[in-house]
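This is coords37.csv. It holds CSV, C-alpha atoms.
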chain,number,residue,atom,x,y,z
P,704,MET,CA,14.8,16.9,-4.2
P,705,VAL,CA,15.1,13.6,-2.4
P,706,TYR,CA,18.5,14.4,-0.9
P,707,TYR,CA,17.2,17.8,0.5
P,708,ARG,CA,14.6,15.9,2.5
P,709,ILE,CA,16.6,12.8,3.5
P,710,MET,CA,20.1,14.2,3.8
P,711,SER,CA,21.7,10.8,3.2
P,712,ARG,CA,23.2,10.0,-0.2
P,713,MET,CA,22.7,6.2,-0.1
P,714,ASP,CA,19.1,6.4,1.0
P,715,ALA,CA,18.4,9.2,-1.6
P,716,GLU,CA,19.8,6.9,-4.3
P,717,ASP,CA,17.7,4.0,-3.2
P,718,ILE,CA,14.5,6.1,-3.1
P,719,THR,CA,15.3,7.7,-6.4
P,720,GLN,CA,15.6,4.3,-7.9
P,721,ASP,CA,12.2,3.2,-6.5
P,722,VAL,CA,10.6,6.4,-7.6
P,723,PHE,CA,11.7,5.9,-11.2
P,724,VAL,CA,10.6,2.3,-11.2
P,725,LYS,CA,7.2,3.2,-9.8
P,726,ALA,CA,6.9,6.0,-12.4
P,727,PHE,CA,7.9,3.7,-15.2
P,728,GLY,CA,5.3,1.2,-14.1
P,729,GLY,CA,2.5,3.7,-13.8
P,730,ILE,CA,3.3,6.0,-16.7
P,731,GLY,CA,0.3,4.5,-18.6
P,732,SER,CA,-2.0,6.0,-16.0
P,733,LEU,CA,-0.9,9.5,-16.7
P,734,LYS,CA,-3.4,11.0,-19.0
P,735,ASN,CA,-2.1,14.5,-19.4
P,736,PRO,CA,1.6,14.7,-20.3
P,737,GLU,CA,1.7,18.3,-19.0
P,738,LEU,CA,1.2,17.0,-15.5
P,739,PHE,CA,4.3,14.7,-15.7
P,740,ARG,CA,6.5,16.9,-13.5
P,741,PRO,CA,4.0,17.3,-10.6
P,742,TRP,CA,3.0,13.6,-11.0
P,743,LEU,CA,6.7,12.5,-10.7
P,744,TYR,CA,7.1,14.9,-7.7
P,745,ARG,CA,4.0,13.4,-6.0
P,746,ILE,CA,5.5,9.9,-6.4
P,747,ALA,CA,8.8,11.1,-5.0
P,748,LEU,CA,7.2,12.9,-2.1
P,749,ASN,CA,5.2,9.8,-1.2
P,750,ALA,CA,8.3,7.7,-1.3
P,751,VAL,CA,10.2,10.2,0.9
P,752,ASN,CA,7.4,10.3,3.4
P,753,ASP,CA,7.2,6.5,3.5
P,754,PHE,CA,10.9,6.3,4.1
P,755,LEU,CA,10.8,8.9,6.9
P,756,ARG,CA,7.9,7.1,8.5
P,757,LYS,CA,9.8,3.8,8.5
P,758,LYS,CA,13.0,5.4,9.7
P,759,ARG,CA,11.1,6.9,12.6
P,760,LEU,CA,9.7,3.5,13.4
P,761,ARG,CA,13.2,1.9,13.2
P,762,SER,CA,14.7,4.5,15.4
P,763,ILE,CA,12.4,3.4,18.2
P,764,PHE,CA,14.1,0.0,18.2
P,765,THR,CA,17.7,0.9,17.2
P,766,VAL,CA,20.2,3.4,18.4
P,767,PHE,CA,20.7,5.4,15.2
P,768,THR,CA,23.0,8.4,14.7
P,769,ARG,CA,23.7,10.5,11.8
P,770,GLU,CA,27.4,9.8,12.2
P,771,GLN,CA,26.8,6.1,11.7
P,772,GLU,CA,24.5,6.7,8.7
P,773,ASP,CA,27.2,8.8,6.9
P,774,ALA,CA,30.1,6.6,8.0
P,775,GLY,CA,30.4,5.3,4.4
P,776,PHE,CA,31.2,8.8,3.2
P,777,ALA,CA,33.9,9.7,5.5
P,778,GLU,CA,36.2,10.7,2.6
P,779,ARG,CA,33.8,13.5,1.8
P,780,ARG,CA,34.3,15.0,5.3
P,781,THR,CA,37.9,15.9,4.5
P,782,GLY,CA,37.2,18.0,1.4
P,783,PRO,CA,38.0,21.7,1.4
P,784,ASP,CA,34.4,22.8,1.1
P,785,TYR,CA,33.1,20.3,3.7
P,786,LEU,CA,32.7,23.0,6.4
P,787,GLU,CA,30.9,25.3,3.9
P,788,ARG,CA,28.5,22.6,3.0
P,789,LYS,CA,27.9,21.6,6.6
P,790,GLU,CA,27.3,25.2,7.6
P,791,PHE,CA,24.9,25.7,4.8
P,792,TRP,CA,22.8,22.5,5.4
P,793,ASP,CA,22.8,23.1,9.2
P,794,SER,CA,21.6,26.7,8.8
P,795,LEU,CA,18.9,25.6,6.3
P,796,SER,CA,17.8,22.7,8.5
P,797,LYS,CA,17.5,25.1,11.5
P,798,PHE,CA,15.4,27.6,9.5
P,799,LEU,CA,13.1,24.8,8.0
P,800,SER,CA,12.6,23.4,11.5
P,801,ARG,CA,11.3,26.7,12.7
P,802,ILE,CA,8.5,27.0,10.1
P,803,SER,CA,5.3,25.0,9.8
P,804,ALA,CA,5.2,21.7,7.8
P,805,SER,CA,3.1,23.3,5.0
P,806,GLU,CA,5.3,26.3,4.8
P,807,ARG,CA,8.4,24.1,4.8
P,808,GLU,CA,7.2,21.9,2.0
P,809,VAL,CA,6.0,24.8,-0.2
P,810,PHE,CA,9.3,26.7,0.4
P,811,ARG,CA,11.3,23.7,-0.6
P,812,GLN,CA,9.4,23.0,-3.7
P,813,ARG,CA,9.5,26.7,-4.8
P,814,PHE,CA,13.0,27.7,-4.1
P,815,LEU,CA,15.0,24.4,-3.8
P,816,ASP,CA,13.2,22.3,-6.4
P,817,GLY,CA,12.3,25.2,-8.6
P,818,LEU,CA,8.6,24.3,-9.1
P,819,SER,CA,6.1,27.0,-10.2
P,820,ILE,CA,3.1,27.9,-8.0
P,821,ARG,CA,0.8,25.9,-10.3
P,822,GLU,CA,3.0,22.9,-10.1
P,823,ILE,CA,3.2,23.1,-6.3
P,824,SER,CA,-0.6,23.3,-6.1
P,825,GLN,CA,-0.9,20.2,-8.3
P,826,VAL,CA,1.7,18.3,-6.3
P,827,MET,CA,0.1,19.2,-2.9
P,828,GLY,CA,-3.5,19.1,-4.1
P,829,LYS,CA,-4.2,22.5,-2.8
P,830,ASN,CA,-5.4,25.7,-4.6
P,831,GLU,CA,-2.9,28.3,-5.7
P,832,SER,CA,-4.1,30.9,-3.1
P,833,THR,CA,-3.3,28.6,-0.3
P,834,ILE,CA,0.1,27.8,-1.7
P,835,LYS,CA,0.8,31.6,-2.1
P,836,THR,CA,-0.2,32.2,1.5
P,837,HIS,CA,2.1,29.5,2.8
P,838,LEU,CA,4.9,30.8,0.5
P,839,TYR,CA,4.4,34.4,1.6
P,840,ARG,CA,4.7,33.4,5.3
P,841,ALA,CA,7.8,31.3,4.7
P,842,VAL,CA,9.5,34.1,2.7
P,843,GLU,CA,8.7,36.6,5.4
P,844,LYS,CA,10.3,34.3,8.0
P,845,PHE,CA,13.2,33.6,5.7
P,846,ARG,CA,13.8,37.4,5.4
P,847,ARG,CA,14.0,37.6,9.2
P,848,GLU,CA,16.3,34.6,9.4
P,849,THR,CA,19.7,36.1,10.3
P,850,GLU,CA,22.0,33.1,10.2
P,851,LEU,CA,21.0,31.8,6.8
P,852,SER,CA,20.7,35.4,5.4
P,853,MET,CA,24.1,36.3,6.6
P,854,LEU,CA,25.6,33.2,5.1
P,855,LEU,CA,24.0,33.9,1.7
P,856,GLN,CA,24.7,37.6,2.0
P,857,GLU,CA,28.4,36.9,2.2
P,858,GLU,CA,28.3,35.2,-1.1
P,859,MET,CA,26.2,37.7,-2.9
P,860,PRO,CA,27.9,40.4,-5.0
S,1465,MET,CA,-5.3,69.4,2.3
S,1466,SER,CA,-4.5,66.7,-0.1
S,1467,HIS,CA,-4.0,63.0,0.5
S,1468,ASP,CA,-1.1,61.2,-1.3
S,1469,LYS,CA,-2.7,58.1,-2.8
S,1470,ARG,CA,0.6,56.7,-4.1
S,1471,PRO,CA,1.6,53.3,-2.6
S,1472,GLN,CA,4.0,53.6,0.3
S,1473,CYS,CA,7.0,51.4,1.0
S,1474,ASP,CA,5.7,48.1,2.4
S,1475,ILE,CA,7.8,45.0,2.8
S,1476,GLY,CA,4.7,42.9,2.5
S,1477,GLN,CA,4.2,44.1,-1.1
S,1478,VAL,CA,7.9,43.4,-1.8
S,1479,ILE,CA,7.4,39.8,-0.6
S,1480,ARG,CA,4.2,39.4,-2.6
S,1481,SER,CA,6.0,40.6,-5.7
S,1482,ILE,CA,8.6,37.8,-5.1
S,1483,VAL,CA,5.9,35.2,-4.5
S,1484,ASP,CA,3.8,36.2,-7.5
S,1485,GLU,CA,4.2,39.5,-9.4
S,1486,ASN,CA,0.7,39.0,-10.9
S,1487,ASP,CA,-0.9,39.4,-7.5
S,1488,LEU,CA,0.2,43.1,-7.3
S,1489,SER,CA,-1.7,46.0,-8.7
S,1490,PRO,CA,0.1,48.0,-11.5
S,1491,GLU,CA,0.6,50.9,-9.1
S,1492,HIS,CA,2.3,48.8,-6.4
S,1493,LEU,CA,4.4,47.0,-9.0
S,1494,ARG,CA,5.5,50.4,-10.5
S,1495,HIS,CA,6.3,51.7,-7.0
S,1496,ILE,CA,8.5,48.7,-6.2
S,1497,GLU,CA,10.4,49.1,-9.5
S,1498,GLU,CA,10.8,52.9,-9.1
S,1499,CYS,CA,11.4,53.2,-5.3
S,1500,PRO,CA,15.1,52.7,-4.5
S,1501,VAL,CA,14.4,51.3,-1.1
S,1502,CYS,CA,11.8,48.7,-2.2
S,1503,SER,CA,13.7,47.8,-5.4
S,1504,GLU,CA,16.9,47.2,-3.3
S,1505,GLU,CA,14.9,45.2,-0.7
S,1506,ARG,CA,13.4,43.1,-3.5
S,1507,ARG,CA,16.8,42.6,-5.2
S,1508,ILE,CA,18.5,41.4,-2.0
S,1509,LEU,CA,15.6,39.1,-1.0
S,1510,ALA,CA,15.1,37.6,-4.5
S,1511,GLY,CA,18.9,37.3,-4.8
S,1512,ARG,CA,19.2,35.3,-1.5
S,1513,LEU,CA,16.4,33.0,-2.5
S,1514,GLY,CA,17.9,32.4,-5.9
S,1515,LEU,CA,21.3,31.8,-4.3
S,1516,LEU,CA,19.7,29.4,-1.8
S,1517,GLY,CA,18.4,27.2,-4.6
S,1518,ARG,CA,21.8,27.2,-6.4
S,1519,ARG,CA,23.8,26.4,-3.3
S,1520,ALA,CA,21.4,23.6,-2.4
S,1521,ALA,CA,21.9,22.0,-5.9
S,1522,GLU,CA,25.7,22.7,-5.7
S,1523,TYR,CA,26.1,21.2,-2.2
S,1524,SER,CA,24.1,18.1,-3.0
S,1525,PRO,CA,26.1,15.0,-4.0
S,1526,LEU,CA,25.7,13.8,-7.5
S,1527,PRO,CA,24.1,10.3,-7.8
S,1528,ALA,CA,26.9,7.7,-8.0
S,1529,ARG,CA,24.5,4.9,-9.0
S,1530,ARG,CA,22.7,4.7,-12.3
S,1531,ILE,CA,19.0,4.3,-12.2
S,1532,VAL,CA,18.0,0.9,-13.6
S,1533,LEU,CA,14.5,0.6,-15.1
S,1534,PRO,CA,12.8,-2.8,-15.8
S,1535,GLN,CA,13.1,-4.0,-19.3
S,1536,GLU,CA,10.1,-3.5,-21.6
S,1537,ASP,CA,10.1,-7.2,-22.8
S,1538,HIS,CA,10.1,-8.6,-19.3
S,1539,PRO,CA,7.6,-11.5,-18.8
S,1540,LEU,CA,4.3,-10.4,-17.4
S,1541,LEU,CA,4.9,-12.1,-14.0
S,1542,LEU,CA,8.0,-10.1,-13.4
S,1543,ARG,CA,6.6,-6.7,-14.1
S,1544,PRO,CA,6.1,-4.4,-11.1
S,1545,GLY,CA,2.7,-4.6,-9.6
S,1546,SER,CA,1.9,-7.9,-11.2
S,1547,GLY,CA,1.6,-9.7,-7.9
S,1548,TRP,CA,-2.0,-8.8,-7.1
S,1549,ARG,CA,-3.0,-9.4,-10.8
S,1550,LEU,CA,-1.5,-12.9,-10.5
S,1551,ALA,CA,-3.3,-13.6,-7.2
S,1552,PHE,CA,-6.6,-12.3,-8.6
S,1553,GLY,CA,-6.3,-14.3,-11.8
S,1554,THR,CA,-5.5,-17.5,-9.9
S,1555,ALA,CA,-8.5,-17.0,-7.6
S,1556,ALA,CA,-10.8,-16.3,-10.5
S,1557,GLY,CA,-9.6,-19.3,-12.5
S,1558,PHE,CA,-10.0,-21.6,-9.4
S,1559,ALA,CA,-13.6,-20.3,-8.9
S,1560,ALA,CA,-14.4,-20.9,-12.5
S,1561,VAL,CA,-13.2,-24.5,-12.4
S,1562,VAL,CA,-15.2,-25.2,-9.2
S,1563,LEU,CA,-18.3,-23.7,-10.8
S,1564,ALA,CA,-17.9,-25.7,-14.0
S,1565,ALA,CA,-17.4,-29.0,-12.1
S,1566,ALA,CA,-20.5,-28.3,-10.0
S,1567,TRP,CA,-22.5,-27.6,-13.1
S,1568,ILE,CA,-21.3,-30.7,-14.9
S,1569,MET,CA,-22.1,-32.9,-11.9
S,1570,PHE,CA,-25.5,-31.4,-11.5
S,1571,ARG,CA,-26.3,-32.0,-15.2
S,1572,ALA,CA,-25.1,-35.6,-14.9
S,1573,GLY,CA,-27.3,-36.4,-12.0
S,1574,PHE,CA,-24.6,-36.8,-9.4
S,1575,VAL,CA,-26.2,-34.1,-7.4
S,1576,THR,CA,-30.1,-34.1,-7.3
S,1577,PRO,CA,-32.2,-31.8,-5.4
S,1578,VAL,CA,-33.9,-33.5,-2.3
S,1579,SER,CA,-37.5,-32.6,-1.4
S,1580,HIS,CA,-39.4,-33.1,1.8
S,1581,LEU,CA,-41.6,-35.7,0.2
S,1582,ASP,CA,-38.5,-37.8,-0.8
S,1583,VAL,CA,-37.2,-37.6,2.8
S,1584,ALA,CA,-40.6,-38.7,4.2
S,1585,GLY,CA,-40.9,-41.6,1.7
S,1586,GLU,CA,-37.4,-42.7,2.6
S,1587,MET,CA,-38.2,-42.6,6.4
S,1588,ALA,CA,-41.4,-44.7,5.8
S,1589,ARG,CA,-39.4,-47.3,3.9
S,1590,ASP,CA,-36.8,-47.4,6.7
S,1591,GLU,CA,-39.5,-47.9,9.3
S,1592,ALA,CA,-41.1,-50.8,7.2
S,1593,LEU,CA,-37.6,-52.4,6.9
S,1594,MET,CA,-37.0,-52.1,10.6
S,1595,ALA,CA,-40.4,-53.7,11.4
S,1596,GLU,CA,-39.6,-56.6,9.1
S,1597,ILE,CA,-36.2,-57.1,10.8
S,1598,SER,CA,-37.8,-57.1,14.2
S,1599,MET,CA,-40.4,-59.7,13.1
S,1600,LEU,CA,-37.6,-61.9,11.7
S,1601,GLU,CA,-35.7,-61.6,14.9
S,1602,GLU,CA,-38.7,-62.9,16.8
S,1603,ASN,CA,-39.5,-65.7,14.3
S,1604,PRO,CA,-37.1,-66.2,11.4
S,1605,LEU,CA,-39.2,-68.9,9.7
S,1606,PRO,CA,-41.5,-68.0,6.9
S,1607,GLU,CA,-45.3,-68.1,7.5
S,1608,ALA,CA,-45.7,-71.4,5.7
S,1609,TYR,CA,-43.2,-73.3,7.9
S,1610,ARG,CA,-44.4,-72.0,11.2
S,1611,ASP,CA,-46.9,-75.0,11.6
S,1612,ILE,CA,-44.0,-77.5,11.7
S,1613,SER,CA,-41.5,-75.4,13.5
S,1614,PRO,CA,-39.8,-77.0,16.6
S,1615,GLU,CA,-41.7,-74.8,19.0
S,1616,ILE,CA,-45.0,-76.1,17.8
S,1617,ILE,CA,-43.6,-79.7,17.5
S,1618,SER,CA,-42.3,-79.6,21.0
S,1619,GLU,CA,-45.8,-79.0,22.2
S,1620,THR,CA,-47.0,-82.3,20.6
S,1621,ASP,CA,-46.9,-85.6,22.3
S,1622,GLU,CA,-43.7,-87.7,22.4
S,1623,ASP,CA,-45.6,-90.6,21.0
S,1624,ILE,CA,-45.6,-89.0,17.6
S,1625,PHE,CA,-41.8,-88.9,17.6
S,1626,ASP,CA,-41.8,-92.6,18.6
S,1627,PHE,CA,-44.1,-93.3,15.7
S,1628,ILE,CA,-42.0,-91.4,13.2
S,1629,VAL,CA,-38.6,-92.6,14.5
S,1630,PRO,CA,-38.8,-95.8,16.7
S,1631,VAL,CA,-36.4,-96.0,19.6
S,1632,SER,CA,-34.9,-99.3,18.4
S,1633,SER,CA,-33.8,-97.9,15.1
S,1634,LEU,CA,-32.4,-94.9,16.8
S,1635,ASP,CA,-30.2,-97.1,19.0
S,1636,ARG,CA,-29.1,-99.1,15.9
S,1637,TRP,CA,-28.1,-95.8,14.2
S,1638,SER,CA,-26.2,-94.6,17.2
S,1639,ARG,CA,-24.4,-97.9,17.6
S,1640,GLY,CA,-23.4,-98.0,13.9
S,1641,LYS,CA,-22.0,-94.5,14.3
S,1642,GLU,CA,-19.9,-95.5,17.3
S,1643,ALA,CA,-18.6,-98.6,15.4

Just give me the structure of the file as structure tokens.
Amino acid sequence: MVYYRIMSRMDAEDITQDVFVKAFGGIGSLKNPELFRPWLYRIALNAVNDFLRKKRLRSIFTVFTREQEDAGFAERRTGPDYLERKEFWDSLSKFLSRISASEREVFRQRFLDGLSIREISQVMGKNESTIKTHLYRAVEKFRRETELSMLLQEEMP
Amino acid sequence: MSHDKRPQCDIGQVIRSIVDENDLSPEHLRHIEECPVCSEERRILAGRLGLLGRRAAEYSPLPARRIVLPQEDHPLLLRPGSGWRLAFGTAAGFAAVVLAAAWIMFRAGFVTPVSHLDVAGEMARDEALMAEISMLEENPLPEAYRDISPEIISETDEDIFDFIVPVSSLDRWSRGKEA
């Protein structure tokens, strides 16, 4: 889930490490074991948001391009499925950029991370009706999204 | 004229069935399952969403680095989040030491409470001391010796000196000193 939001393998690994260290340190504060998954997601989301905030701040002072960021993974650009992957992530990014922040987060958690409605409501601290409303709007827009739909349609039986 | 109350094809209901089936009434749910248009629409949309999740997982790189968690038997100071505890403990300990030292000094009499009466008494003693010093500056001799002090003697007649110490003996004494 960290990679979906960061789109950088190195940063995703760093953040994942931090998330598990924080979770390990704070596991004693978790009273209800059933809430472990939403609790861990909450930590991860906070870590991702912190990272993106710092990255935005850094980008003010430095010239930062995605090519430079991924320069360490040049070998992965030559693989046979590189174009497929690139097309998929570009299409998904375009779609997600066209919907609101709440819809985007709920859509990611439901269909990319595989969380249930209840878990999403626990992670985001909102009631289930609100989550369903955001999800409904996001799915409605996803249905009208031609580029991504076409890409997935080609692969469907 | 009769109205058909059966649910009609509605893409909104199809989307709601994907978001949460429990939100639909049994009639709408049955319609979506039985209607070929709605069921096909539902199958395609749910299939794309499912495929989206699978592709996202498939196209994400696997972590190359192992996650390293801190050891359970690490010393207290090295545990995550122990920094503020250490600072708080140090500050509390320092405050306790200062309070204990102040209490001990107070009990031992190093620090005594000062009242306004004490201050007034000390000022009165200072004034008396200053008056005594001024008086000594004017006349350093005690009261008993003032009658024979040089000032008083100088006012007397020179004949008295001549009577006490004659001039001839004075000359003899001065000559002997020179010799």

Q: Could you give me, as a list in words, the residues within 7 Å of Ile820 (chain P), counting all atoms listed in the file and dropping anything in the same chain fewer than 3 positions from it?
A: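 The residues satisfying every condition are Ile823, Ser824, Glu831 and Ile834 of chain P.
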
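The interatomic distance for the pair CA of Ser794 (chain P) and CA of Ser832 (chain P) works out to 28.6 Å.
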
Q.
Only residues of chain S matter here; which ones have an atom within 10 Å of chain P, counting only C-alpha atoms? Give them as a ChimeraX atom specification.
A. /S:1475-1476,1478-1484,1487,1505,1508-1534,1536,1543-1545

Write the residues of the preceding selection, restricted to C-alpha atoms, as a compact mmCIF listing (two decimals), keeping the file's coordinate frame.
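Contents of the output file out-v4.txt:
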# COMPACT_ATOMS: atom_id res chain seq x y z
CA ILE S 1475 7.80 45.00 2.80
CA GLY S 1476 4.70 42.90 2.50
CA VAL S 1478 7.90 43.40 -1.80
CA ILE S 1479 7.40 39.80 -0.60
CA ARG S 1480 4.20 39.40 -2.60
CA SER S 1481 6.00 40.60 -5.70
CA ILE S 1482 8.60 37.80 -5.10
CA VAL S 1483 5.90 35.20 -4.50
CA ASP S 1484 3.80 36.20 -7.50
CA ASP S 1487 -0.90 39.40 -7.50
CA GLU S 1505 14.90 45.20 -0.70
CA ILE S 1508 18.50 41.40 -2.00
CA LEU S 1509 15.60 39.10 -1.00
CA ALA S 1510 15.10 37.60 -4.50
CA GLY S 1511 18.90 37.30 -4.80
CA ARG S 1512 19.20 35.30 -1.50
CA LEU S 1513 16.40 33.00 -2.50
CA GLY S 1514 17.90 32.40 -5.90
CA LEU S 1515 21.30 31.80 -4.30
CA LEU S 1516 19.70 29.40 -1.80
CA GLY S 1517 18.40 27.20 -4.60
CA ARG S 1518 21.80 27.20 -6.40
CA ARG S 1519 23.80 26.40 -3.30
CA ALA S 1520 21.40 23.60 -2.40
CA ALA S 1521 21.90 22.00 -5.90
CA GLU S 1522 25.70 22.70 -5.70
CA TYR S 1523 26.10 21.20 -2.20
CA SER S 1524 24.10 18.10 -3.00
CA PRO S 1525 26.10 15.00 -4.00
CA LEU S 1526 25.70 13.80 -7.50
CA PRO S 1527 24.10 10.30 -7.80
CA ALA S 1528 26.90 7.70 -8.00
CA ARG S 1529 24.50 4.90 -9.00
CA ARG S 1530 22.70 4.70 -12.30
CA ILE S 1531 19.00 4.30 -12.20
CA VAL S 1532 18.00 0.90 -13.60
CA LEU S 1533 14.50 0.60 -15.10
CA PRO S 1534 12.80 -2.80 -15.80
CA GLU S 1536 10.10 -3.50 -21.60
CA ARG S 1543 6.60 -6.70 -14.10
CA PRO S 1544 6.10 -4.40 -11.10
CA GLY S 1545 2.70 -4.60 -9.60

Q. What is the CA of Arg740 (chain P) to CA of Arg821 (chain P) distance in Å?
A.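 Separating CA of Arg740 (chain P) from CA of Arg821 (chain P) is a distance of 11.1 Å.
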
Q) Taking into account all atoms listed in the file, which residue in the set P:Ile709, P:Asn752, P:Tyr744, P:Gly828 is nearest to Ser796 (chain P)? A)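 Closest residue, counting all atoms listed in the file: P:Ile709.
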
Q) What does the distance between CA of Ala841 (chain P) and CA of Ser803 (chain P) come to in Å, to one decimal place? A) 8.5 Å

Taking 3 positions as the minimum chain separation for residues in the same chain, which residues sit within 9 Å of Gln1477 (chain S) when counting only C-alpha atoms? Answer as a PDB file with C-alpha atoms, in the frame of the given file.
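The result, stored in around-v2.pdb:
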ATOM      1  CA  CYS S1473       7.000  51.400   1.000  1.00  0.00           C
ATOM      2  CA  ASP S1474       5.700  48.100   2.400  1.00  0.00           C
ATOM      3  CA  ARG S1480       4.200  39.400  -2.600  1.00  0.00           C
ATOM      4  CA  SER S1481       6.000  40.600  -5.700  1.00  0.00           C
ATOM      5  CA  ILE S1482       8.600  37.800  -5.100  1.00  0.00           C
ATOM      6  CA  LEU S1488       0.200  43.100  -7.300  1.00  0.00           C
ATOM      7  CA  HIS S1492       2.300  48.800  -6.400  1.00  0.00           C
ATOM      8  CA  LEU S1493       4.400  47.000  -9.000  1.00  0.00           C
ATOM      9  CA  ILE S1496       8.500  48.700  -6.200  1.00  0.00           C
ATOM     10  CA  CYS S1502      11.800  48.700  -2.200  1.00  0.00           C
TER      11      CYS S1502
END
